[in-house]
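Beneath this line is the structure, given in structure tokens, with notes to follow.
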Amino acid sequence: MSGRDIGAAGTIQEGQTTRVALAIDYSRARRVLARRDPILRDLMRRHGPCGLAESQHTDPFVALLHAIISQQLSTKAAATIAGRVEALMDGTPTAARAAAVTDQQLRGAGLSGQKVRYLRDLCARIEAGTLPLDTLDHMTDDQVIDALTQVKGIGRWTAEMFLMFRLHRPDVLPLDDLGIIKAVQRVYRLRKVPSPARLLRLGESWRPYRSVACWYLWASLDNVPLQE
């Protein structure tokens, strides 16, 4: 996130300053998007304030856990499974607590065998120190994607969800997200499914707030990805 996109504070700080900066950023984002794109303007009027900040995780491990769980699932199904998995870890998921839960328990909570393997690899990398989650805040978007996609089961989409919902990066456009593709075709009344190239062209007018635009596109389908 560049200084010009943050607001009056100029840099993201800890604690209360962070929350103030994010609020200023959203106010500006809505004005910019409404001015540049009348379709998004209508979506913003219909759905109200953007919910990205309210959905943001403060804990990076929980964010990645939820991202893995939510792969290829509806929001409702993912929420149910996430609740069961968190209950296995006494409501406070950590890599160490996840390691203490058996594969059978995770499968019983609703995780597929494949997702159990993904979770195990994530925890092993965290415990070994090869994925230091506390350094991701200081990386560029591309560096975060490169770091996270080393984990089994974490592809570009999952890394992009982490950027949007945990690191609160304002300018992410997940080109492979089926919800975004469906919403764009629907609200822009396109005859054909938009290609990644067309999405990129359309999203140029949303810079530097493509993440905010995406939230409203998801909201138009009532299917914002599970990150809370």
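Chain labels follow the order of the structure tokens: the first chain is A, the next B, and so on; residue numbering restarts at 1 in every chain, and ligands are counted from 1 in their shown order.
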
Query raised in the report: DSSP on the backbone: what in chain A comes out alpha helix (DSSP H), as an MDAnalysis selection string?
Result: chainID A and resid 16:36 38:47 60:70 75:88 95:100 103:108 113:128 141:148 156:165 178:187 196:203 210:220

Query raised in the report: So what do you get for atom CA of Tyr26 of chain A versus atom CA of Gln185 of chain A, distance-wise?
Result: 25.1 Å

Query - For segment 71-79 of chain A: contacts at 12 Å, only C-alpha atoms, fewer than 5 positions along chain excluded, given as number ranges by chain - result: A: 64-66, 84-86, 109-112, 114-115, 118, 153-159, 161, 177-179, 218-219, 221-228

Output file for the selection above: N, CA and C atoms, as an mmCIF file, in the first residue's frame:
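To be explicit, this is the file written out as again-v9.cif:
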data_model
loop_
_atom_site.group_PDB
_atom_site.id
_atom_site.type_symbol
_atom_site.label_atom_id
_atom_site.label_comp_id
_atom_site.auth_asym_id
_atom_site.auth_seq_id
_atom_site.Cartn_x
_atom_site.Cartn_y
_atom_site.Cartn_z
ATOM 1 N N LEU A 64 -5.236 -17.566 7.240
ATOM 2 C CA LEU A 64 -4.854 -18.626 6.305
ATOM 3 C C LEU A 64 -5.665 -19.891 6.543
ATOM 4 N N LEU A 65 -5.949 -20.201 7.794
ATOM 5 C CA LEU A 65 -6.794 -21.346 8.105
ATOM 6 C C LEU A 65 -8.157 -21.194 7.442
ATOM 7 N N HIS A 66 -8.769 -20.024 7.596
ATOM 8 C CA HIS A 66 -10.082 -19.784 6.998
ATOM 9 C C HIS A 66 -10.005 -19.790 5.475
ATOM 10 N N ARG A 84 -16.420 -25.452 13.559
ATOM 11 C CA ARG A 84 -16.088 -26.760 14.126
ATOM 12 C C ARG A 84 -14.586 -26.923 14.319
ATOM 13 N N VAL A 85 -13.811 -26.483 13.327
ATOM 14 C CA VAL A 85 -12.359 -26.601 13.412
ATOM 15 C C VAL A 85 -11.817 -25.740 14.552
ATOM 16 N N GLU A 86 -12.318 -24.524 14.671
ATOM 17 C CA GLU A 86 -11.860 -23.648 15.753
ATOM 18 C C GLU A 86 -12.215 -24.233 17.113
ATOM 19 N N ALA A 109 -14.663 -32.761 11.490
ATOM 20 C CA ALA A 109 -15.171 -31.385 11.496
ATOM 21 C C ALA A 109 -15.599 -30.928 10.112
ATOM 22 N N GLY A 110 -15.233 -31.712 9.102
ATOM 23 C CA GLY A 110 -15.667 -31.377 7.751
ATOM 24 C C GLY A 110 -14.557 -31.082 6.765
ATOM 25 N N LEU A 111 -13.293 -31.106 7.203
ATOM 26 C CA LEU A 111 -12.189 -30.868 6.275
ATOM 27 C C LEU A 111 -11.958 -32.103 5.410
ATOM 28 N N SER A 112 -11.725 -31.891 4.149
ATOM 29 C CA SER A 112 -11.357 -32.999 3.268
ATOM 30 C C SER A 112 -9.943 -33.457 3.605
ATOM 31 N N GLN A 114 -7.528 -33.691 1.622
ATOM 32 C CA GLN A 114 -6.605 -32.778 0.949
ATOM 33 C C GLN A 114 -6.383 -31.521 1.778
ATOM 34 N N LYS A 115 -7.450 -30.953 2.321
ATOM 35 C CA LYS A 115 -7.307 -29.731 3.117
ATOM 36 C C LYS A 115 -6.586 -30.006 4.434
ATOM 37 N N TYR A 118 -3.052 -29.766 3.526
ATOM 38 C CA TYR A 118 -2.674 -28.363 3.360
ATOM 39 C C TYR A 118 -2.400 -27.720 4.714
ATOM 40 N N GLY A 153 -1.359 -26.236 -1.285
ATOM 41 C CA GLY A 153 -2.764 -25.876 -1.244
ATOM 42 C C GLY A 153 -3.045 -24.398 -1.220
ATOM 43 N N ILE A 154 -2.013 -23.590 -1.070
ATOM 44 C CA ILE A 154 -2.214 -22.140 -1.100
ATOM 45 C C ILE A 154 -1.759 -21.649 -2.467
ATOM 46 N N GLY A 155 -2.734 -21.383 -3.312
ATOM 47 C CA GLY A 155 -2.455 -20.852 -4.633
ATOM 48 C C GLY A 155 -2.597 -19.353 -4.652
ATOM 49 N N ARG A 156 -2.590 -18.825 -5.815
ATOM 50 C CA ARG A 156 -2.643 -17.367 -5.948
ATOM 51 C C ARG A 156 -3.942 -16.786 -5.370
ATOM 52 N N TRP A 157 -5.077 -17.480 -5.610
ATOM 53 C CA TRP A 157 -6.352 -16.966 -5.092
ATOM 54 C C TRP A 157 -6.334 -16.850 -3.570
ATOM 55 N N THR A 158 -5.855 -17.902 -2.904
ATOM 56 C CA THR A 158 -5.802 -17.873 -1.450
ATOM 57 C C THR A 158 -4.882 -16.761 -0.962
ATOM 58 N N ALA A 159 -3.744 -16.600 -1.630
ATOM 59 C CA ALA A 159 -2.821 -15.526 -1.258
ATOM 60 C C ALA A 159 -3.459 -14.161 -1.472
ATOM 61 N N MET A 161 -6.681 -13.487 -1.269
ATOM 62 C CA MET A 161 -7.654 -13.287 -0.188
ATOM 63 C C MET A 161 -6.944 -12.836 1.088
ATOM 64 N N ASP A 177 -11.174 -15.498 -9.606
ATOM 65 C CA ASP A 177 -12.271 -15.682 -8.665
ATOM 66 C C ASP A 177 -13.598 -15.805 -9.429
ATOM 67 N N LEU A 178 -14.274 -16.935 -9.253
ATOM 68 C CA LEU A 178 -15.499 -17.189 -10.012
ATOM 69 C C LEU A 178 -16.599 -16.194 -9.642
ATOM 70 N N GLY A 179 -16.616 -15.765 -8.382
ATOM 71 C CA GLY A 179 -17.609 -14.782 -7.972
ATOM 72 C C GLY A 179 -17.427 -13.451 -8.674
ATOM 73 N N TRP A 218 -18.719 -8.886 -5.073
ATOM 74 C CA TRP A 218 -19.135 -10.053 -4.301
ATOM 75 C C TRP A 218 -20.474 -9.798 -3.611
ATOM 76 N N ALA A 219 -20.620 -8.618 -3.045
ATOM 77 C CA ALA A 219 -21.859 -8.292 -2.340
ATOM 78 C C ALA A 219 -23.056 -8.340 -3.277
ATOM 79 N N LEU A 221 -23.657 -10.466 -5.363
ATOM 80 C CA LEU A 221 -24.066 -11.868 -5.442
ATOM 81 C C LEU A 221 -24.421 -12.429 -4.079
ATOM 82 N N ASP A 222 -24.292 -11.587 -3.039
ATOM 83 C CA ASP A 222 -24.510 -12.022 -1.658
ATOM 84 C C ASP A 222 -23.612 -13.196 -1.313
ATOM 85 N N ASN A 223 -22.350 -13.096 -1.731
ATOM 86 C CA ASN A 223 -21.421 -14.217 -1.527
ATOM 87 C C ASN A 223 -20.002 -13.707 -1.336
ATOM 88 N N VAL A 224 -19.808 -12.837 -0.349
ATOM 89 C CA VAL A 224 -18.460 -12.374 -0.031
ATOM 90 C C VAL A 224 -17.666 -13.532 0.558
ATOM 91 N N PRO A 225 -16.423 -13.766 0.111
ATOM 92 C CA PRO A 225 -15.627 -14.884 0.646
ATOM 93 C C PRO A 225 -15.529 -14.842 2.153
ATOM 94 N N LEU A 226 -15.562 -16.022 2.775
ATOM 95 C CA LEU A 226 -15.512 -16.124 4.228
ATOM 96 C C LEU A 226 -14.145 -15.731 4.740
ATOM 97 N N GLN A 227 -14.077 -14.685 5.553
ATOM 98 C CA GLN A 227 -12.817 -14.304 6.175
ATOM 99 C C GLN A 227 -13.060 -13.827 7.602
ATOM 100 N N GLU A 228 -14.142 -14.206 8.215
ATOM 101 C CA GLU A 228 -14.419 -13.762 9.584
ATOM 102 C C GLU A 228 -14.871 -14.915 10.431
#

Report summary line: Counting only C-alpha atoms, the residue among A:Ala96, A:Gln104, A:Trp215, A:Tyr209 that lies closest to Ala183 of chain A is A:Trp215

Report task. Find the residues around Pro194 of chain A up to 12 Å (only C-alpha atoms counted), leave out those fewer than 6 positions away in its own chain, and share them as a PyMOL selection string. Result -> chain A and resi 175-188+200-203

Report task. Excluding Leu88 of chain A and residues on its chain fewer than 5 positions from it, collect all residues at most 9 Å away from it, counting only C-alpha atoms, and give them as a PyMOL selection string. Result -> chain A and resi 83+93+97-98+101+105-106+109

Atoms kept (C-alpha atoms) for selection, written as a PDB file, in the first residue's frame:
ATOM      1  CA  GLY A  83     -16.582 -23.043  13.575  1.00  0.00           C
ATOM      2  CA  PRO A  93      -6.460 -21.505  16.533  1.00  0.00           C
ATOM      3  CA  ARG A  97      -2.833 -26.229  18.617  1.00  0.00           C
ATOM      4  CA  ALA A  98      -3.601 -27.400  15.104  1.00  0.00           C
ATOM      5  CA  VAL A 101      -5.517 -32.095  16.675  1.00  0.00           C
ATOM      6  CA  GLN A 105     -10.835 -34.978  14.265  1.00  0.00           C
ATOM      7  CA  LEU A 106     -10.256 -32.528  11.413  1.00  0.00           C
ATOM      8  CA  ALA A 109     -15.171 -31.385  11.496  1.00  0.00           C
TER       9      ALA A 109
END

Report task. Could you jot down the atom CA of His168 of chain A to atom CA of Asp59 of chain A separation for me, Å, one decimal place? Result ->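 Distance reported for this atom pair: 12.4 Å.
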
Query raised in the report: Using only C-alpha atoms, which residues sit within 8 Å of Val151 of chain A once same-chain residues fewer than 5 positions away are excluded, as an MDAnalysis selection string?
Result: chainID A and resid 118 121:122 125

Query - Minimum-distance residue to Thr94 of chain A, chosen among A:Ala82, A:Arg107, A:Ala34, A:Cys123 (using only C-alpha atoms) - result: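 Nearest candidate to Thr94 of chain A out of A:Ala82, A:Arg107, A:Ala34, A:Cys123: A:Cys123.
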